[in-house]
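> File protein_26.cif below, mmCIF, C-alpha atoms and all ligand atoms:
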data_query
loop_
_atom_site.group_PDB
_atom_site.id
_atom_site.type_symbol
_atom_site.label_atom_id
_atom_site.label_comp_id
_atom_site.auth_asym_id
_atom_site.auth_seq_id
_atom_site.Cartn_x
_atom_site.Cartn_y
_atom_site.Cartn_z
ATOM 1 C CA MET A 1 260.709 -50.716 59.514
ATOM 2 C CA THR A 2 262.091 -53.172 56.925
ATOM 3 C CA PRO A 3 265.040 -55.061 58.426
ATOM 4 C CA VAL A 4 268.302 -54.057 56.763
ATOM 5 C CA THR A 5 271.664 -55.756 57.000
ATOM 6 C CA SER A 6 275.134 -54.348 57.503
ATOM 7 C CA ARG A 7 278.425 -56.069 56.923
ATOM 8 C CA ILE A 8 281.283 -54.811 59.048
ATOM 9 C CA LEU A 9 284.629 -55.939 57.629
ATOM 10 C CA THR A 10 287.754 -55.381 59.683
ATOM 11 C CA GLY A 11 290.987 -54.939 57.722
ATOM 12 C CA ASP A 12 292.710 -52.895 55.033
ATOM 13 C CA SER A 13 290.328 -51.469 52.425
ATOM 14 C CA ARG A 14 292.916 -52.148 49.742
ATOM 15 C CA ASN A 15 292.487 -55.874 50.383
ATOM 16 C CA LEU A 16 288.854 -56.115 51.421
ATOM 17 C CA LEU A 17 287.254 -54.023 48.684
ATOM 18 C CA THR A 18 288.158 -56.741 46.187
ATOM 19 C CA SER A 19 285.659 -59.048 47.955
ATOM 20 C CA ILE A 20 282.748 -56.755 47.032
ATOM 21 C CA GLN A 21 280.814 -57.746 43.940
ATOM 22 C CA SER A 22 281.249 -55.432 40.944
ATOM 23 C CA GLU A 23 278.435 -52.927 40.357
ATOM 24 C CA SER A 24 276.621 -53.907 43.561
ATOM 25 C CA VAL A 25 276.933 -50.643 45.536
ATOM 26 C CA GLN A 26 274.726 -47.604 44.892
ATOM 27 C CA CYS A 27 276.497 -45.022 46.948
ATOM 28 C CA CYS A 28 279.800 -44.622 48.777
ATOM 29 C CA VAL A 29 279.903 -42.083 51.623
ATOM 30 C CA THR A 30 283.260 -41.776 53.287
ATOM 31 C CA SER A 31 285.957 -39.732 54.960
ATOM 32 C CA PRO A 32 289.477 -41.180 54.695
ATOM 33 C CA PRO A 33 292.164 -40.263 57.225
ATOM 34 C CA TYR A 34 293.611 -36.815 56.537
ATOM 35 C CA TRP A 35 297.314 -36.870 55.702
ATOM 36 C CA GLY A 36 299.657 -36.614 58.682
ATOM 37 C CA LEU A 37 296.975 -35.632 61.160
ATOM 38 C CA ARG A 38 296.118 -38.622 63.337
ATOM 39 C CA ASP A 39 297.755 -41.898 64.136
ATOM 40 C CA TYR A 40 295.256 -44.750 63.895
ATOM 41 C CA ASP A 41 297.805 -47.096 65.378
ATOM 42 C CA HIS A 42 298.075 -49.659 62.596
ATOM 43 C CA PRO A 43 300.949 -50.346 60.165
ATOM 44 C CA ALA A 44 298.540 -50.423 57.195
ATOM 45 C CA GLN A 45 296.888 -47.112 57.969
ATOM 46 C CA ILE A 46 296.445 -44.589 55.195
ATOM 47 C CA GLY A 47 297.400 -41.028 56.140
ATOM 48 C CA SER A 48 300.778 -41.852 57.685
ATOM 49 C CA GLU A 49 302.716 -42.098 54.402
ATOM 50 C CA PRO A 50 306.072 -40.239 54.481
ATOM 51 C CA SER A 51 304.943 -38.130 51.520
ATOM 52 C CA PRO A 52 301.522 -36.704 50.600
ATOM 53 C CA VAL A 53 302.206 -37.879 47.036
ATOM 54 C CA GLU A 54 302.038 -41.468 48.305
ATOM 55 C CA TYR A 55 298.886 -40.629 50.247
ATOM 56 C CA VAL A 56 297.161 -39.406 47.078
ATOM 57 C CA ARG A 57 298.363 -42.527 45.256
ATOM 58 C CA ASN A 58 297.001 -44.823 47.988
ATOM 59 C CA LEU A 59 293.619 -43.126 47.982
ATOM 60 C CA THR A 60 293.469 -43.358 44.185
ATOM 61 C CA GLU A 61 294.032 -47.109 44.504
ATOM 62 C CA VAL A 62 291.254 -47.475 47.099
ATOM 63 C CA PHE A 63 288.767 -45.441 45.070
ATOM 64 C CA ARG A 64 289.567 -47.367 41.884
ATOM 65 C CA GLU A 65 288.180 -50.454 43.646
ATOM 66 C CA VAL A 66 285.238 -48.420 44.944
ATOM 67 C CA ARG A 67 284.478 -47.444 41.329
ATOM 68 C CA ARG A 68 284.474 -51.079 40.300
ATOM 69 C CA ALA A 69 282.054 -51.919 43.128
ATOM 70 C CA LEU A 70 279.704 -49.019 42.278
ATOM 71 C CA ARG A 71 276.685 -49.490 40.058
ATOM 72 C CA LYS A 72 276.889 -47.625 36.750
ATOM 73 C CA ASP A 73 274.534 -44.955 38.145
ATOM 74 C CA GLY A 74 276.256 -44.866 41.545
ATOM 75 C CA THR A 75 277.814 -41.913 43.359
ATOM 76 C CA LEU A 76 280.791 -41.268 45.613
ATOM 77 C CA TRP A 77 280.543 -38.642 48.361
ATOM 78 C CA LEU A 78 284.078 -37.978 49.543
ATOM 79 C CA ASN A 79 284.985 -35.786 52.507
ATOM 80 C CA VAL A 80 288.721 -34.983 52.681
ATOM 81 C CA GLY A 81 290.488 -32.449 54.884
ATOM 82 C CA ASP A 82 293.496 -30.237 54.195
ATOM 83 C CA GLY A 83 296.661 -29.485 56.145
ATOM 84 C CA TYR A 84 299.628 -27.140 56.253
ATOM 85 C CA ALA A 85 303.208 -27.916 55.274
ATOM 86 C CA ARG A 86 305.266 -27.212 58.362
ATOM 87 C CA ASN A 87 308.930 -26.745 59.084
ATOM 88 C CA GLY A 88 310.154 -27.016 62.649
ATOM 89 C CA GLY A 89 307.088 -27.868 64.685
ATOM 90 C CA THR A 90 303.552 -29.087 64.663
ATOM 91 C CA GLY A 91 301.956 -26.297 66.654
ATOM 92 C CA ASN A 92 299.070 -27.033 68.941
ATOM 93 C CA CYS A 93 296.158 -26.097 66.764
ATOM 94 C CA GLY A 94 294.986 -26.240 63.182
ATOM 95 C CA PRO A 95 295.091 -29.084 60.699
ATOM 96 C CA ASN A 96 298.454 -30.402 61.922
ATOM 97 C CA ALA A 97 297.553 -30.150 65.580
ATOM 98 C CA VAL A 98 299.060 -32.443 68.161
ATOM 99 C CA VAL A 99 295.841 -34.060 69.290
ATOM 100 C CA ALA A 100 295.306 -36.661 71.940
ATOM 101 C CA ASN A 101 296.075 -39.693 69.806
ATOM 102 C CA THR A 102 298.752 -38.171 67.582
ATOM 103 C CA LYS A 103 301.944 -40.120 68.114
ATOM 104 C CA LYS A 104 305.564 -39.073 67.671
ATOM 105 C CA LEU A 105 305.799 -40.593 64.209
ATOM 106 C CA ILE A 106 303.306 -38.143 62.792
ATOM 107 C CA GLN A 107 304.591 -35.200 64.812
ATOM 108 C CA ARG A 108 308.057 -35.748 63.332
ATOM 109 C CA ARG A 109 306.739 -35.873 59.801
ATOM 110 C CA ASN A 110 304.869 -32.624 60.224
ATOM 111 C CA CYS A 111 308.120 -30.937 61.283
ATOM 112 C CA LYS A 112 309.493 -31.084 57.771
ATOM 113 C CA VAL A 113 307.960 -29.529 54.670
ATOM 114 C CA PRO A 114 307.263 -32.352 52.175
ATOM 115 C CA ASP A 115 309.557 -32.201 49.173
ATOM 116 C CA CYS A 116 306.847 -31.992 46.492
ATOM 117 C CA TRP A 117 304.507 -29.615 44.674
ATOM 118 C CA GLY A 118 306.808 -26.653 45.428
ATOM 119 C CA LEU A 119 305.547 -26.582 49.013
ATOM 120 C CA LYS A 120 306.998 -24.049 51.402
ATOM 121 C CA ASP A 121 306.708 -23.658 55.146
ATOM 122 C CA ARG A 122 303.085 -22.821 56.146
ATOM 123 C CA ASP A 123 301.711 -23.601 52.682
ATOM 124 C CA LEU A 124 298.187 -24.960 52.677
ATOM 125 C CA MET A 125 298.736 -28.215 50.795
ATOM 126 C CA GLY A 126 295.398 -28.246 48.931
ATOM 127 C CA LEU A 127 295.063 -31.966 49.580
ATOM 128 C CA PRO A 128 291.316 -32.267 48.937
ATOM 129 C CA TRP A 129 291.730 -30.901 45.413
ATOM 130 C CA ARG A 130 294.878 -32.910 44.784
ATOM 131 C CA VAL A 131 292.927 -36.059 45.677
ATOM 132 C CA ALA A 132 289.944 -34.931 43.570
ATOM 133 C CA PHE A 133 292.161 -34.242 40.537
ATOM 134 C CA ALA A 134 293.936 -37.596 40.924
ATOM 135 C CA LEU A 135 290.585 -39.395 41.014
ATOM 136 C CA GLN A 136 289.387 -37.395 38.015
ATOM 137 C CA GLU A 137 292.494 -38.431 36.117
ATOM 138 C CA ASP A 138 291.853 -42.021 37.154
ATOM 139 C CA GLY A 139 288.399 -42.022 35.528
ATOM 140 C CA TRP A 140 285.956 -40.441 37.995
ATOM 141 C CA ILE A 141 283.677 -37.603 36.900
ATOM 142 C CA LEU A 142 283.841 -34.713 39.358
ATOM 143 C CA ARG A 143 280.289 -33.314 39.617
ATOM 144 C CA SER A 144 280.269 -31.060 42.648
ATOM 145 C CA ARG A 145 282.370 -29.572 45.402
ATOM 146 C CA ILE A 146 280.197 -29.116 48.461
ATOM 147 C CA THR A 147 281.461 -26.848 51.214
ATOM 148 C CA TRP A 148 280.600 -28.266 54.604
ATOM 149 C CA ILE A 149 280.363 -25.294 56.959
ATOM 150 C CA LYS A 150 281.128 -26.559 60.440
ATOM 151 C CA LYS A 151 278.666 -24.957 62.829
ATOM 152 C CA THR A 152 281.099 -25.605 65.674
ATOM 153 C CA ALA A 153 284.605 -25.359 64.245
ATOM 154 C CA MET A 154 287.748 -26.162 66.236
ATOM 155 C CA PRO A 155 289.241 -22.937 67.633
ATOM 156 C CA GLU A 156 292.720 -22.046 66.315
ATOM 157 C CA SER A 157 295.024 -19.549 67.995
ATOM 158 C CA VAL A 158 296.163 -17.971 64.699
ATOM 159 C CA ARG A 159 296.479 -14.244 64.079
ATOM 160 C CA ASN A 160 297.677 -14.171 60.482
ATOM 161 C CA ARG A 161 294.854 -15.987 58.659
ATOM 162 C CA PRO A 162 291.170 -16.785 59.194
ATOM 163 C CA THR A 163 290.275 -19.826 61.294
ATOM 164 C CA ASN A 164 289.413 -22.867 59.209
ATOM 165 C CA ALA A 165 285.743 -23.680 59.577
ATOM 166 C CA THR A 166 284.900 -25.566 56.378
ATOM 167 C CA GLU A 167 285.735 -28.857 54.714
ATOM 168 C CA ASP A 168 285.126 -30.216 51.224
ATOM 169 C CA VAL A 169 282.793 -32.991 50.186
ATOM 170 C CA PHE A 170 283.189 -34.050 46.551
ATOM 171 C CA LEU A 171 280.386 -35.667 44.588
ATOM 172 C CA MET A 172 281.968 -37.977 42.017
ATOM 173 C CA THR A 173 280.367 -40.376 39.589
ATOM 174 C CA LYS A 174 281.156 -43.214 37.248
ATOM 175 C CA THR A 175 278.951 -42.049 34.375
ATOM 176 C CA ILE A 176 277.033 -38.892 33.472
ATOM 177 C CA THR A 177 273.641 -40.510 34.040
ATOM 178 C CA TYR A 178 273.722 -41.254 37.747
ATOM 179 C CA TYR A 179 271.020 -41.515 40.396
ATOM 180 C CA TYR A 180 270.510 -38.206 42.232
ATOM 181 C CA ASP A 181 267.231 -37.488 44.005
ATOM 182 C CA ALA A 182 267.022 -33.691 43.946
ATOM 183 C CA SER A 183 263.698 -33.846 45.815
ATOM 184 C CA ALA A 184 265.153 -35.719 48.801
ATOM 185 C CA VAL A 185 266.834 -32.673 50.355
ATOM 186 C CA ARG A 186 265.787 -29.111 49.446
ATOM 187 C CA GLU A 187 266.614 -25.638 50.661
ATOM 188 C CA PRO A 188 264.154 -24.317 53.308
ATOM 189 C CA THR A 189 262.644 -22.128 50.539
ATOM 190 C CA GLY A 190 261.953 -25.223 48.441
ATOM 191 C CA ALA A 191 264.722 -24.361 45.963
ATOM 192 C CA ASN A 192 267.254 -26.892 44.697
ATOM 193 C CA LEU A 193 269.832 -27.733 47.365
ATOM 194 C CA ARG A 194 272.915 -25.513 47.240
ATOM 195 C CA ASN A 195 276.491 -26.668 47.511
ATOM 196 C CA CYS A 196 277.142 -25.226 50.968
ATOM 197 C CA TRP A 197 275.851 -27.208 53.895
ATOM 198 C CA ALA A 198 275.914 -25.862 57.439
ATOM 199 C CA ILE A 199 276.007 -28.902 59.667
ATOM 200 C CA GLY A 200 276.798 -29.110 63.370
ATOM 201 C CA PRO A 201 278.083 -32.008 65.429
ATOM 202 C CA ASP A 202 275.738 -34.832 66.458
ATOM 203 C CA THR A 203 273.497 -33.801 69.304
ATOM 204 C CA ASN A 204 273.350 -37.278 70.825
ATOM 205 C CA GLY A 205 276.989 -37.229 71.971
ATOM 206 C CA SER A 206 280.308 -38.443 70.642
ATOM 207 C CA SER A 207 280.604 -41.750 68.811
ATOM 208 C CA GLY A 208 283.885 -42.490 70.607
ATOM 209 C CA HIS A 209 285.956 -41.932 67.441
ATOM 210 C CA PRO A 210 288.348 -38.938 67.312
ATOM 211 C CA ALA A 211 287.399 -37.993 63.724
ATOM 212 C CA ALA A 212 283.787 -39.017 63.248
ATOM 213 C CA PHE A 213 281.724 -36.904 60.863
ATOM 214 C CA PRO A 214 278.181 -35.810 61.782
ATOM 215 C CA ARG A 215 275.392 -38.276 61.098
ATOM 216 C CA ASP A 216 273.487 -35.479 59.299
ATOM 217 C CA LEU A 217 276.278 -35.188 56.756
ATOM 218 C CA ALA A 218 276.094 -38.906 55.944
ATOM 219 C CA ARG A 219 272.278 -38.800 55.987
ATOM 220 C CA ARG A 220 272.160 -36.053 53.353
ATOM 221 C CA CYS A 221 274.505 -37.848 50.966
ATOM 222 C CA ILE A 222 272.595 -41.110 51.367
ATOM 223 C CA LEU A 223 269.219 -39.454 50.791
ATOM 224 C CA LEU A 224 270.456 -37.703 47.641
ATOM 225 C CA GLY A 225 272.326 -40.709 46.268
ATOM 226 C CA SER A 226 270.176 -43.768 46.967
ATOM 227 C CA ARG A 227 266.755 -45.360 47.504
ATOM 228 C CA PRO A 228 265.599 -47.550 50.412
ATOM 229 C CA GLY A 229 267.059 -51.041 50.067
ATOM 230 C CA ASP A 230 270.173 -49.851 48.174
ATOM 231 C CA VAL A 231 273.674 -50.720 49.341
ATOM 232 C CA ILE A 232 275.832 -47.980 50.877
ATOM 233 C CA LEU A 233 279.600 -48.430 51.257
ATOM 234 C CA ASP A 234 282.127 -46.790 53.585
ATOM 235 C CA PRO A 235 285.713 -48.072 53.099
ATOM 236 C CA PHE A 236 286.994 -45.921 56.025
ATOM 237 C CA ALA A 237 284.113 -46.588 58.372
ATOM 238 C CA GLY A 238 285.606 -45.529 61.731
ATOM 239 C CA SER A 239 282.768 -45.689 64.249
ATOM 240 C CA GLY A 240 280.194 -46.513 61.558
ATOM 241 C CA THR A 241 278.409 -43.164 61.187
ATOM 242 C CA THR A 242 277.618 -43.944 57.527
ATOM 243 C CA GLY A 243 276.237 -47.351 58.515
ATOM 244 C CA ALA A 244 274.117 -45.885 61.312
ATOM 245 C CA ALA A 245 272.619 -43.294 58.930
ATOM 246 C CA ALA A 246 272.068 -45.949 56.248
ATOM 247 C CA ARG A 247 270.247 -48.186 58.683
ATOM 248 C CA GLU A 248 268.031 -45.347 59.858
ATOM 249 C CA LEU A 249 267.136 -44.667 56.204
ATOM 250 C CA GLU A 250 266.507 -48.366 55.484
ATOM 251 C CA ARG A 251 269.550 -48.890 53.288
ATOM 252 C CA GLU A 252 271.932 -51.866 53.496
ATOM 253 C CA SER A 253 275.559 -51.083 54.269
ATOM 254 C CA ILE A 254 279.079 -52.443 53.921
ATOM 255 C CA LEU A 255 281.578 -50.894 56.331
ATOM 256 C CA ILE A 256 285.332 -51.471 56.173
ATOM 257 C CA GLU A 257 287.604 -50.365 59.007
ATOM 258 C CA LEU A 258 291.209 -51.201 59.833
ATOM 259 C CA ASN A 259 291.105 -50.791 63.598
ATOM 260 C CA PRO A 260 289.083 -53.539 65.349
ATOM 261 C CA GLU A 261 288.305 -51.222 68.266
ATOM 262 C CA TYR A 262 286.416 -48.879 65.926
ATOM 263 C CA SER A 263 284.627 -51.820 64.299
ATOM 264 C CA LYS A 264 283.372 -52.726 67.779
ATOM 265 C CA ILE A 265 281.869 -49.245 68.100
ATOM 266 C CA SER A 266 280.164 -49.684 64.707
ATOM 267 C CA LYS A 267 278.764 -52.992 65.818
ATOM 268 C CA ARG A 268 277.361 -51.456 68.981
ATOM 269 C CA ARG A 269 275.864 -48.531 67.060
ATOM 270 C CA MET A 270 274.284 -50.733 64.442
ATOM 271 C CA GLY A 271 272.451 -52.980 66.877
ATOM 272 C CA HIS A 272 271.692 -56.068 64.820
ATOM 273 C CA VAL A 273 274.378 -56.629 62.228
ATOM 274 C CA VAL A 274 275.869 -59.410 60.267
ATOM 275 C CA GLN A 275 279.538 -59.144 61.147
ATOM 276 C CA ALA A 276 282.272 -60.633 59.052
ATOM 277 C CA ARG A 277 285.913 -60.536 59.990
ATOM 278 C CA LEU A 278 288.199 -60.975 57.001
ATOM 279 C CA GLY A 279 291.811 -60.686 58.098
ATOM 280 C CA SER A 280 293.352 -57.544 59.468
HETATM 281 C C1 LIG A 301 288.363 -40.040 59.361
HETATM 282 S S1 LIG A 301 288.172 -41.614 60.044
HETATM 283 C C2 LIG A 301 286.521 -42.058 59.585
HETATM 284 C C3 LIG A 301 285.500 -41.682 60.637
HETATM 285 C C4 LIG A 301 284.077 -42.084 60.287
HETATM 286 N N1 LIG A 301 283.559 -41.289 59.172
HETATM 287 C C5 LIG A 301 283.172 -41.924 61.491
HETATM 288 O O1 LIG A 301 282.218 -41.131 61.428
HETATM 289 O O2 LIG A 301 283.434 -42.561 62.513
HETATM 290 C C6 LIG A 301 289.143 -42.637 58.988
HETATM 291 C C7 LIG A 301 289.210 -44.107 59.409
HETATM 292 O O3 LIG A 301 289.943 -44.832 58.422
HETATM 293 C C8 LIG A 301 290.590 -45.917 59.066
HETATM 294 N N2 LIG A 301 291.660 -46.408 58.174
HETATM 295 C C9 LIG A 301 292.915 -45.946 57.994
HETATM 296 N N3 LIG A 301 293.570 -46.644 57.070
HETATM 297 C C10 LIG A 301 292.707 -47.606 56.630
HETATM 298 C C11 LIG A 301 292.803 -48.654 55.666
HETATM 299 N N4 LIG A 301 293.940 -48.869 54.988
HETATM 300 N N5 LIG A 301 291.725 -49.442 55.476
HETATM 301 C C12 LIG A 301 290.573 -49.251 56.194
HETATM 302 N N6 LIG A 301 290.428 -48.280 57.133
HETATM 303 C C13 LIG A 301 291.476 -47.462 57.336
HETATM 304 C C14 LIG A 301 291.083 -45.319 60.377
HETATM 305 O O4 LIG A 301 291.317 -46.320 61.356
HETATM 306 C C15 LIG A 301 289.928 -44.363 60.744
HETATM 307 O O5 LIG A 301 289.031 -44.957 61.649
#
Can the structure from this file be put into structure tokens for me?
Ligand SMILES: C[S@@+](CC[C@H](N)C(=O)[O-])C[C@H]1O[C@@H](n2cnc3c(N)ncnc32)[C@H](O)[C@@H]1O


Amino acid sequence: MTPVTSRILTGDSRNLLTSIQSESVQCCVTSPPYWGLRDYDHPAQIGSEPSPVEYVRNLTEVFREVRRALRKDGTLWLNVGDGYARNGGTGNCGPNAVVANTKKLIQRRNCKVPDCWGLKDRDLMGLPWRVAFALQEDGWILRSRITWIKKTAMPESVRNRPTNATEDVFLMTKTITYYYDASAVREPTGANLRNCWAIGPDTNGSSGHPAAFPRDLARRCILLGSRPGDVILDPFAGSGTTGAAARELERESILIELNPEYSKISKRRMGHVVQARLGS
């Protein structure tokens, strides 16, 4: 196996992305915090903005820098989750669930319907598409919406709508001639890969992060969007799933994460890494 390097940067993506050389990254695979869902216990966290409008604006800012860092033929694979506007309670299930690490700050916010987009109580906010449209307006080309079918979805005790069991992954590019290896992942029949991917949780146990995505999800995006030796970026790295998949596939990686505890998990998962700490 060719040795590959990973840089794990701990701090706010909005500051640290500027240190990445322009047009040096082939592929960005990432899942930002979902709005109002979890508290990552840091004043600079994205996802805890008082309004989802600000959340969309913050993500647009982050991905503008990602676009600068991407090679001309690079790709962005963006997984974003949705949530419901709520009035008078957070409930104990569904996208606004009170989960183990959700603190009062976020619970309070979810008790009031945000005053934007004509939202009403119980409205699905459509956040993934709102983010996708904002990025499109900011210059990205939106090439595909992949539906990630969660083989083991979180149960919800709802009786007036179907249980949510999918999430979106957007494929976005900088130009119309981008690198995409259609032979890297095929349907079992040999046909071109479809835009619905049934992927279950990692079989080798939890990464220790409350919102890690499956390694297979990251692996697929990396295989389709890069060659061995290329640089893969995750500006919301969490426990470093993207980095772990990149390393396995002999790609270099740059991981940015705000919470130093999660960076420690990445470091452990990556084995040998070149770690850089640039502020927090
Ligand atoms: C959905 S999680 C990513 C999980 C990751 N895909 C994994 O598999 O472990 C989002 C991460 O973004 C981090 N985060 C939040 N705001 C950030 C910011 N401004 N800059 C960098 N990271 C941030 C959170 O601490 C959290 O770990």

> Using atom C4 of ligand LIG 301 (chain A) and CA of Glu187 in chain A as the two end points, give the distance in Å to one decimal.

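Rounded to one decimal, the two atoms are 25.8 Å apart.
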
> Run the PyMOL selection byres (((not hetatm)) within 6 of (chain A and resi 301)) against the file shown and list the residues it catches, as a short mmCIF file (atom, residue, chain, number, x, y, z; two decimals) with C-alpha atoms, in the frame of the given file.


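File written: expr04.cif
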data_model
loop_
_atom_site.label_atom_id
_atom_site.label_comp_id
_atom_site.auth_asym_id
_atom_site.auth_seq_id
_atom_site.Cartn_x
_atom_site.Cartn_y
_atom_site.Cartn_z
CA GLY A 11 290.99 -54.94 57.72
CA ASP A 12 292.71 -52.90 55.03
CA SER A 13 290.33 -51.47 52.42
CA THR A 30 283.26 -41.78 53.29
CA SER A 31 285.96 -39.73 54.96
CA PRO A 32 289.48 -41.18 54.70
CA PRO A 33 292.16 -40.26 57.22
CA TYR A 40 295.26 -44.75 63.90
CA ALA A 44 298.54 -50.42 57.20
CA GLN A 45 296.89 -47.11 57.97
CA ILE A 46 296.44 -44.59 55.20
CA HIS A 209 285.96 -41.93 67.44
CA ALA A 211 287.40 -37.99 63.72
CA ALA A 212 283.79 -39.02 63.25
CA PHE A 213 281.72 -36.90 60.86
CA PRO A 235 285.71 -48.07 53.10
CA PHE A 236 286.99 -45.92 56.02
CA ALA A 237 284.11 -46.59 58.37
CA GLY A 238 285.61 -45.53 61.73
CA SER A 239 282.77 -45.69 64.25
CA GLY A 240 280.19 -46.51 61.56
CA THR A 241 278.41 -43.16 61.19
CA ILE A 256 285.33 -51.47 56.17
CA GLU A 257 287.60 -50.36 59.01
CA LEU A 258 291.21 -51.20 59.83
CA ASN A 259 291.10 -50.79 63.60
#

> Enumerate, as a ChimeraX atom specification, the residues matched when the PyMOL selection byres (((chain A and resi 145) around 12) and not hetatm) is run on the file above.

/A:76-80,128-129,132-133,141-144,146-148,166-172,194-197

> Restricting the calculation to all atoms listed in the file, which member of A:Gln26, A:Asn15, A:Thr60, A:Ser207 is positioned closest to Leu135 in chain A?

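Of all the options, A:Thr60 lies closest to Leu135 in chain A.
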
> Considering all atoms listed in the file, can you say which of A:Ala184, A:Cys27, A:Gln136, A:Arg122 comes closest to Gly229 in chain A?

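Distance minimum relative to Gly229 in chain A lands on A:Cys27.
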
> Just to confirm, what's the straight-line distance from CA of Thr175 in chain A to CA of Val25 in chain A in Å (one decimal)?

14.2 Å

> Applied to the shown file, which residues does the PyMOL selection byres (((chain A and resi 69) around 9) and not hetatm) return, written as a ChimeraX atom specification?

/A:17-18,20-26,64-68,70-71

> Between CA of Ile232 in chain A and CA of Trp140 in chain A, what distance in Å does the model show, to one decimal?

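Separation between CA of Ile232 in chain A and CA of Trp140 in chain A: 18.0 Å.
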
> With distances taken over all atoms listed in the file, which of A:Val113, A:Val53, A:Leu59, A:Ala244 is nearest to Asp216 in chain A?

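Distance minimum relative to Asp216 in chain A lands on A:Ala244.
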
> With all atoms of range 120-126 of chain A from the file as input, state the centre and edge lengths in Å to one decimal of the axis-aligned box that has 5 Å extra on each side, as AutoDock Vina command-line options.


--center_x 301.2 --center_y -25.5 --center_z 52.5 --size_x 21.6 --size_y 15.4 --size_z 17.2

> List the residues sitting within 12 Å of (294.5, -28.6, 48.5) in the file's frame, using all atoms listed in the file, as a list in words.

Tyr34, Trp35, Pro52, Val56, Val80, Gly81, Asp82, Gly83, Tyr84, Ala85, Trp117, Leu119, Asp123, Leu124, Met125, Gly126, Leu127, Pro128, Trp129, Arg130, Val131, Ala132, Phe133, Ala134, Glu167 and Asp168 of chain A

> Pick the closest to Arg219 in chain A from A:Leu249, A:Cys28, A:Ala191, A:Cys116: which is it, counting only C-alpha atoms?

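Among A:Leu249, A:Cys28, A:Ala191, A:Cys116, it is A:Leu249 that comes nearest to Arg219 in chain A.
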
> Using only C-alpha atoms, find the one residue out of A:Arg38, A:Arg186, A:Arg215, A:Arg14 that sits nearest to Pro201 in chain A.

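Closest candidate: A:Arg215.
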
> Scan for residues within 10 Å of the point (268.7, -40.9, 43.7) in the coordinates of the file, using all atoms listed in the file, and reply as a PDB file with C-alpha atoms, in the coordinates of the input.


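Below you can see point-v9.pdb, which holds the result:
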ATOM      1  CA  GLN A  26     274.726 -47.604  44.892  1.00  0.00           C
ATOM      2  CA  CYS A  27     276.497 -45.022  46.948  1.00  0.00           C
ATOM      3  CA  ASP A  73     274.534 -44.955  38.145  1.00  0.00           C
ATOM      4  CA  GLY A  74     276.256 -44.866  41.545  1.00  0.00           C
ATOM      5  CA  THR A  75     277.814 -41.913  43.359  1.00  0.00           C
ATOM      6  CA  TYR A 178     273.722 -41.254  37.747  1.00  0.00           C
ATOM      7  CA  TYR A 179     271.020 -41.515  40.396  1.00  0.00           C
ATOM      8  CA  TYR A 180     270.510 -38.206  42.232  1.00  0.00           C
ATOM      9  CA  ASP A 181     267.231 -37.488  44.005  1.00  0.00           C
ATOM     10  CA  ALA A 182     267.022 -33.691  43.946  1.00  0.00           C
ATOM     11  CA  SER A 183     263.698 -33.846  45.815  1.00  0.00           C
ATOM     12  CA  ALA A 184     265.153 -35.719  48.801  1.00  0.00           C
ATOM     13  CA  CYS A 221     274.505 -37.848  50.966  1.00  0.00           C
ATOM     14  CA  ILE A 222     272.595 -41.110  51.367  1.00  0.00           C
ATOM     15  CA  LEU A 223     269.219 -39.454  50.791  1.00  0.00           C
ATOM     16  CA  LEU A 224     270.456 -37.703  47.641  1.00  0.00           C
ATOM     17  CA  GLY A 225     272.326 -40.709  46.268  1.00  0.00           C
ATOM     18  CA  SER A 226     270.176 -43.768  46.967  1.00  0.00           C
ATOM     19  CA  ARG A 227     266.755 -45.360  47.504  1.00  0.00           C
ATOM     20  CA  PRO A 228     265.599 -47.550  50.412  1.00  0.00           C
TER      21      PRO A 228
END

> Identify which of the residues A:Val185, A:Ala246, A:Ile149, A:Ala218 lies closest to Ala198 in chain A, counting all atoms listed in the file when measuring atom-to-atom distances.

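Closest candidate: A:Ile149.
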